[in-house]
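What follows is a set of notes on a single structure, which appears directly below.
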Amino acid sequence: MIEEVMKVVSGPGGGSFLVWTLLVQLVLCGSGVYTTDHTKSCILLNESDSERKVLNRLEPLAHKNFTAETKIGTESYTYVFQLCGDAGGVPGAGVIQYDSKKTETKPTVIGRYNATQAFGGSDWVMLIYTSGDTYDAHCSKEARKAMIMISCNKTADLGQMKVELEDRQRVQDCFYLLELDSSSMCEVPESHISTGSIILIIAFCFLAVYFIGGFLYQRLIVGAKGMEQFPNYAFWVEVGNMSADGCDFVCRSQNREDARAYRGVATEPLEEEPEERDDHLLPM
């Protein structure tokens, strides 16, 4: 099979065939025909259509690492978040924490994407990763949990992540709160173009293609000059003449030849009519 494909590529026209195939694939990829659903890597704690739809809204953020740094007193930490992927290359980790002063130590897993929750509104999503590493002494030594608030920001394609809060002064239900702004959370305004406008746009496009293509054909192929470069020039001239005749016929109420009152005065002298004499009627 591979040998047959190589023969097609190496044969006459095979190179152009391969190029056209690659171009078609690039167009399909650019138009969104080939799509991937990276958010399926996230496993929901309670699978539901509503939560899955919320995750699908986050698709543009998938498999991208977002980092943030924070300081608590003398301690400094770096957080790495990835949507439905291995944050910092740590298998199964959605959010991890590095001790900036102890880079050689193993990172702490704050939450895993195989235990996910998601809910949101029109311009925000709250993503929750649970089942992280357990606390050493805080929060009754329960598993860590990360809450990532992703909000709409039209000016930020992939905004900077911030650590808003690490709430561990509890007996239980401790959490890490991170915030991320992104334009992908913003609703796309619906188009309000009317049907008539769409028809006009299509008609304008056809006319543009007709005139530009016809002009190039007349200019480059036929070799026409001047006004004859317009496509079907004779036809359009005849259409103009017939339109003028039709307007003249419709707009005038009577024949111009019958309207004698509007005839101009002749410039040539009129011939004198012979004078009629009535002398023969007089009595002799």
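The chains in the structure tokens are called A, B, ... from first to last as shown; in each chain the residues are counted from 1, and the ligands are counted from 1 in the order shown.
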
(message) If we count only C-alpha atoms and set the cut-off at 6 Å, which residues sit around Tyr176 (chain A), ignoring sequence neighbours fewer than 4 positions away in its own chain? Please answer as a ChimeraX atom specification.
(response) /A:146-147,165-166

Write the residues you've just listed into a file as a PDB file, in the first residue's frame, and include C-alpha atoms for each of them.
ATOM      1  CA  ALA A 146      -8.635  24.037  43.881  1.00  0.00           C
ATOM      2  CA  MET A 147     -11.343  26.434  42.703  1.00  0.00           C
ATOM      3  CA  LEU A 165      -7.020  33.089  48.403  1.00  0.00           C
ATOM      4  CA  GLU A 166      -5.688  30.045  50.213  1.00  0.00           C
TER       5      GLU A 166
END

(message) What's around region 118-135 of chain A at 7 Å? Count only C-alpha atoms, leave out sequence neighbours fewer than 4 positions away in its own chain, and write the answer as a PyMOL selection string.
(response) chain A and resi 51+54-55+94+108-113+139+141-152+185-187

(request) List every residue of region 46-237 of chain A that DSSP, applied to the backbone of this structure, places in alpha helix (DSSP H), and write the result as an MDAnalysis selection string. (result) chainID A and resid 49:56 195:216 233:237

(request) Rank nothing, just name the residue among A:Gln97, A:Asn241, A:Ser140, A:Thr67 nearest to Arg170 (chain A), using only C-alpha atoms. (result)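 Closest residue, counting only C-alpha atoms: A:Ser140.
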
(message) I'd like the contact shell of region 42-47 of chain A - 8 Å cut-off, only C-alpha atoms, skipping same-chain residues fewer than 3 positions apart - returned as an MDAnalysis selection string.
(response) chainID A and resid 39 51:52 84:85 113:117

Same residues, C-alpha atoms, saved as a PDB file, in the first residue's frame:
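Contents of the output file out-v4.pdb:
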ATOM      1  CA  THR A  39     -12.280  18.721  27.710  1.00  0.00           C
ATOM      2  CA  GLU A  51     -21.703  20.411  33.510  1.00  0.00           C
ATOM      3  CA  ARG A  52     -20.344  18.945  30.287  1.00  0.00           C
ATOM      4  CA  CYS A  84      -8.092  18.902  31.573  1.00  0.00           C
ATOM      5  CA  GLY A  85      -4.397  18.205  31.209  1.00  0.00           C
ATOM      6  CA  TYR A 113      -8.877  16.699  36.725  1.00  0.00           C
ATOM      7  CA  ASN A 114     -10.256  13.175  37.198  1.00  0.00           C
ATOM      8  CA  ALA A 115     -12.416  14.639  40.010  1.00  0.00           C
ATOM      9  CA  THR A 116     -13.911  17.748  38.397  1.00  0.00           C
ATOM     10  CA  GLN A 117     -16.930  19.943  38.990  1.00  0.00           C
TER      11      GLN A 117
END

(request) Record the distance separating CA of Val163 (chain A) and CA of Thr78 (chain A), expressed in Å with one decimal. (result)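 Interatomic distance, CA of Val163 (chain A) to CA of Thr78 (chain A): 9.5 Å.
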
(message) Between A:Gln229, A:Lys40, A:Ala224, A:Asp248, which residue has the minimum interatomic distance to Ile212 (chain A), considering only C-alpha atoms?
(response) A:Gln229

(request) Could you give me the residues within region 37-242 of chain A that DSSP places in strand (DSSP E or B), as a VMD selection string? (result) chain A and resid 44 62 65 to 72 75 to 83 93 to 99 108 to 120 124 to 130 134 143 146 to 152 162 to 167 175 to 182

(message) Give me, as a PyMOL selection string, all polymer residues having an atom no more than 10 Å from Asp86 (chain A), counting only C-alpha atoms and skipping those fewer than 6 positions away in the same chain.
(response) chain A and resi 63-65+80+92-96+112-113

Restrict the selected residues to N, CA, C and O atoms and save them as an mmCIF file, in the first residue's frame.
data_model
loop_
_atom_site.group_PDB
_atom_site.id
_atom_site.type_symbol
_atom_site.label_atom_id
_atom_site.label_comp_id
_atom_site.auth_asym_id
_atom_site.auth_seq_id
_atom_site.Cartn_x
_atom_site.Cartn_y
_atom_site.Cartn_z
ATOM 1 N N HIS A 63 -5.237 22.405 27.455
ATOM 2 C CA HIS A 63 -3.836 22.035 27.248
ATOM 3 C C HIS A 63 -2.913 23.250 27.135
ATOM 4 O O HIS A 63 -2.015 23.304 26.306
ATOM 5 N N LYS A 64 -3.176 24.241 27.995
ATOM 6 C CA LYS A 64 -2.293 25.403 28.112
ATOM 7 C C LYS A 64 -1.962 25.596 29.588
ATOM 8 O O LYS A 64 -2.855 25.593 30.431
ATOM 9 N N ASN A 65 -0.699 25.779 29.903
ATOM 10 C CA ASN A 65 -0.274 25.995 31.281
ATOM 11 C C ASN A 65 -0.406 27.467 31.664
ATOM 12 O O ASN A 65 0.077 28.349 30.942
ATOM 13 N N VAL A 80 0.658 26.261 39.049
ATOM 14 C CA VAL A 80 0.498 25.949 37.626
ATOM 15 C C VAL A 80 -0.859 25.277 37.444
ATOM 16 O O VAL A 80 -1.182 24.311 38.151
ATOM 17 N N GLY A 92 -2.058 13.484 35.786
ATOM 18 C CA GLY A 92 -3.318 13.555 36.520
ATOM 19 C C GLY A 92 -3.552 14.840 37.271
ATOM 20 O O GLY A 92 -4.652 15.053 37.802
ATOM 21 N N ALA A 93 -2.569 15.725 37.339
ATOM 22 C CA ALA A 93 -2.699 16.942 38.135
ATOM 23 C C ALA A 93 -3.284 18.068 37.300
ATOM 24 O O ALA A 93 -2.815 18.355 36.196
ATOM 25 N N GLY A 94 -4.322 18.716 37.851
ATOM 26 C CA GLY A 94 -4.895 19.881 37.184
ATOM 27 C C GLY A 94 -4.294 21.169 37.697
ATOM 28 O O GLY A 94 -4.111 22.130 36.942
ATOM 29 N N VAL A 95 -3.974 21.224 38.997
ATOM 30 C CA VAL A 95 -3.314 22.380 39.617
ATOM 31 C C VAL A 95 -2.226 21.857 40.539
ATOM 32 O O VAL A 95 -2.470 20.951 41.346
ATOM 33 N N ILE A 96 -1.038 22.425 40.431
ATOM 34 C CA ILE A 96 0.083 22.030 41.299
ATOM 35 C C ILE A 96 0.682 23.277 41.936
ATOM 36 O O ILE A 96 0.473 24.402 41.460
ATOM 37 N N ARG A 112 -6.981 17.380 41.067
ATOM 38 C CA ARG A 112 -6.824 16.496 39.911
ATOM 39 C C ARG A 112 -8.040 16.615 39.000
ATOM 40 O O ARG A 112 -9.169 16.779 39.465
ATOM 41 N N TYR A 113 -7.782 16.527 37.685
ATOM 42 C CA TYR A 113 -8.877 16.699 36.725
ATOM 43 C C TYR A 113 -9.711 15.439 36.530
ATOM 44 O O TYR A 113 -10.662 15.440 35.745
#

(message) Please list as an NGL selection string every residue within 10 Å of Ser182 (chain A), counting only C-alpha atoms and excluding residues in the same chain fewer than 5 positions away.
(response) :A and (58 or 60-61 or 123-124 or 150-161)

Any chance you could export the current selection's N, CA, C and O atoms as an mmCIF file, in the first residue's frame?
data_model
loop_
_atom_site.group_PDB
_atom_site.id
_atom_site.type_symbol
_atom_site.label_atom_id
_atom_site.label_comp_id
_atom_site.auth_asym_id
_atom_site.auth_seq_id
_atom_site.Cartn_x
_atom_site.Cartn_y
_atom_site.Cartn_z
ATOM 1 N N LEU A 58 -14.986 25.936 27.758
ATOM 2 C CA LEU A 58 -13.590 26.208 28.089
ATOM 3 C C LEU A 58 -12.613 25.604 27.097
ATOM 4 O O LEU A 58 -11.404 25.638 27.325
ATOM 5 N N PRO A 60 -11.238 26.508 24.303
ATOM 6 C CA PRO A 60 -10.066 27.283 23.840
ATOM 7 C C PRO A 60 -8.925 27.345 24.841
ATOM 8 O O PRO A 60 -7.798 27.685 24.470
ATOM 9 N N LEU A 61 -9.186 27.031 26.112
ATOM 10 C CA LEU A 61 -8.138 27.098 27.134
ATOM 11 C C LEU A 61 -7.464 25.757 27.387
ATOM 12 O O LEU A 61 -6.547 25.678 28.215
ATOM 13 N N ASP A 123 -21.194 34.746 31.601
ATOM 14 C CA ASP A 123 -19.840 35.222 31.303
ATOM 15 C C ASP A 123 -18.809 34.760 32.325
ATOM 16 O O ASP A 123 -17.774 35.421 32.499
ATOM 17 N N TRP A 124 -19.061 33.668 33.003
ATOM 18 C CA TRP A 124 -18.090 33.149 33.961
ATOM 19 C C TRP A 124 -18.299 31.652 34.143
ATOM 20 O O TRP A 124 -19.374 31.125 33.887
ATOM 21 N N ILE A 150 -13.044 31.525 36.224
ATOM 22 C CA ILE A 150 -12.671 31.986 34.878
ATOM 23 C C ILE A 150 -13.748 32.962 34.423
ATOM 24 O O ILE A 150 -14.916 32.591 34.264
ATOM 25 N N SER A 151 -13.359 34.217 34.221
ATOM 26 C CA SER A 151 -14.314 35.285 33.927
ATOM 27 C C SER A 151 -14.063 35.890 32.554
ATOM 28 O O SER A 151 -12.990 35.734 31.971
ATOM 29 N N CYS A 152 -15.080 36.605 32.074
ATOM 30 C CA CYS A 152 -14.997 37.256 30.765
ATOM 31 C C CYS A 152 -14.154 38.516 30.842
ATOM 32 O O CYS A 152 -14.318 39.343 31.737
ATOM 33 N N ASN A 153 -13.245 38.643 29.888
ATOM 34 C CA ASN A 153 -12.475 39.871 29.705
ATOM 35 C C ASN A 153 -12.170 39.987 28.218
ATOM 36 O O ASN A 153 -11.331 39.252 27.690
ATOM 37 N N LYS A 154 -12.863 40.898 27.532
ATOM 38 C CA LYS A 154 -12.752 40.988 26.081
ATOM 39 C C LYS A 154 -11.369 41.406 25.617
ATOM 40 O O LYS A 154 -11.001 41.148 24.461
ATOM 41 N N THR A 155 -10.604 42.041 26.476
ATOM 42 C CA THR A 155 -9.261 42.500 26.088
ATOM 43 C C THR A 155 -8.173 41.473 26.369
ATOM 44 O O THR A 155 -7.019 41.692 26.009
ATOM 45 N N ALA A 156 -8.533 40.365 27.018
ATOM 46 C CA ALA A 156 -7.533 39.349 27.375
ATOM 47 C C ALA A 156 -7.853 38.049 26.662
ATOM 48 O O ALA A 156 -8.859 37.404 26.957
ATOM 49 N N ASP A 157 -7.003 37.677 25.699
ATOM 50 C CA ASP A 157 -7.190 36.401 25.012
ATOM 51 C C ASP A 157 -6.918 35.261 25.981
ATOM 52 O O ASP A 157 -7.775 34.408 26.239
ATOM 53 N N LEU A 158 -5.717 35.226 26.505
ATOM 54 C CA LEU A 158 -5.340 34.289 27.573
ATOM 55 C C LEU A 158 -4.730 35.125 28.692
ATOM 56 O O LEU A 158 -3.537 35.449 28.661
ATOM 57 N N GLY A 159 -5.567 35.517 29.648
ATOM 58 C CA GLY A 159 -5.137 36.444 30.674
ATOM 59 C C GLY A 159 -4.172 35.830 31.674
ATOM 60 O O GLY A 159 -3.872 34.634 31.657
ATOM 61 N N GLN A 160 -3.692 36.673 32.576
ATOM 62 C CA GLN A 160 -2.767 36.252 33.617
ATOM 63 C C GLN A 160 -3.544 35.680 34.795
ATOM 64 O O GLN A 160 -4.503 36.280 35.270
ATOM 65 N N MET A 161 -3.127 34.521 35.261
ATOM 66 C CA MET A 161 -3.785 33.900 36.402
ATOM 67 C C MET A 161 -3.302 34.539 37.692
ATOM 68 O O MET A 161 -2.136 34.926 37.817
#

(message) Restricting the calculation to only C-alpha atoms: of A:His138, A:Tyr210, A:Phe66, A:Ile199, which residue gets closest to Asn232 (chain A)?
(response)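 Of all the options, A:Tyr210 lies closest to Asn232 (chain A).
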
(request) State, in Å with one decimal place, the distance from CA of Tyr77 (chain A) to CA of Gln172 (chain A). (result)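 About the pair CA of Tyr77 (chain A) and CA of Gln172 (chain A): they are 22.4 Å apart.
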
(message) Please report the interatomic distance between CA of Tyr233 (chain A) and CA of Leu200 (chain A) in Å with one decimal.
(response)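 A separation of 23.8 Å between them.
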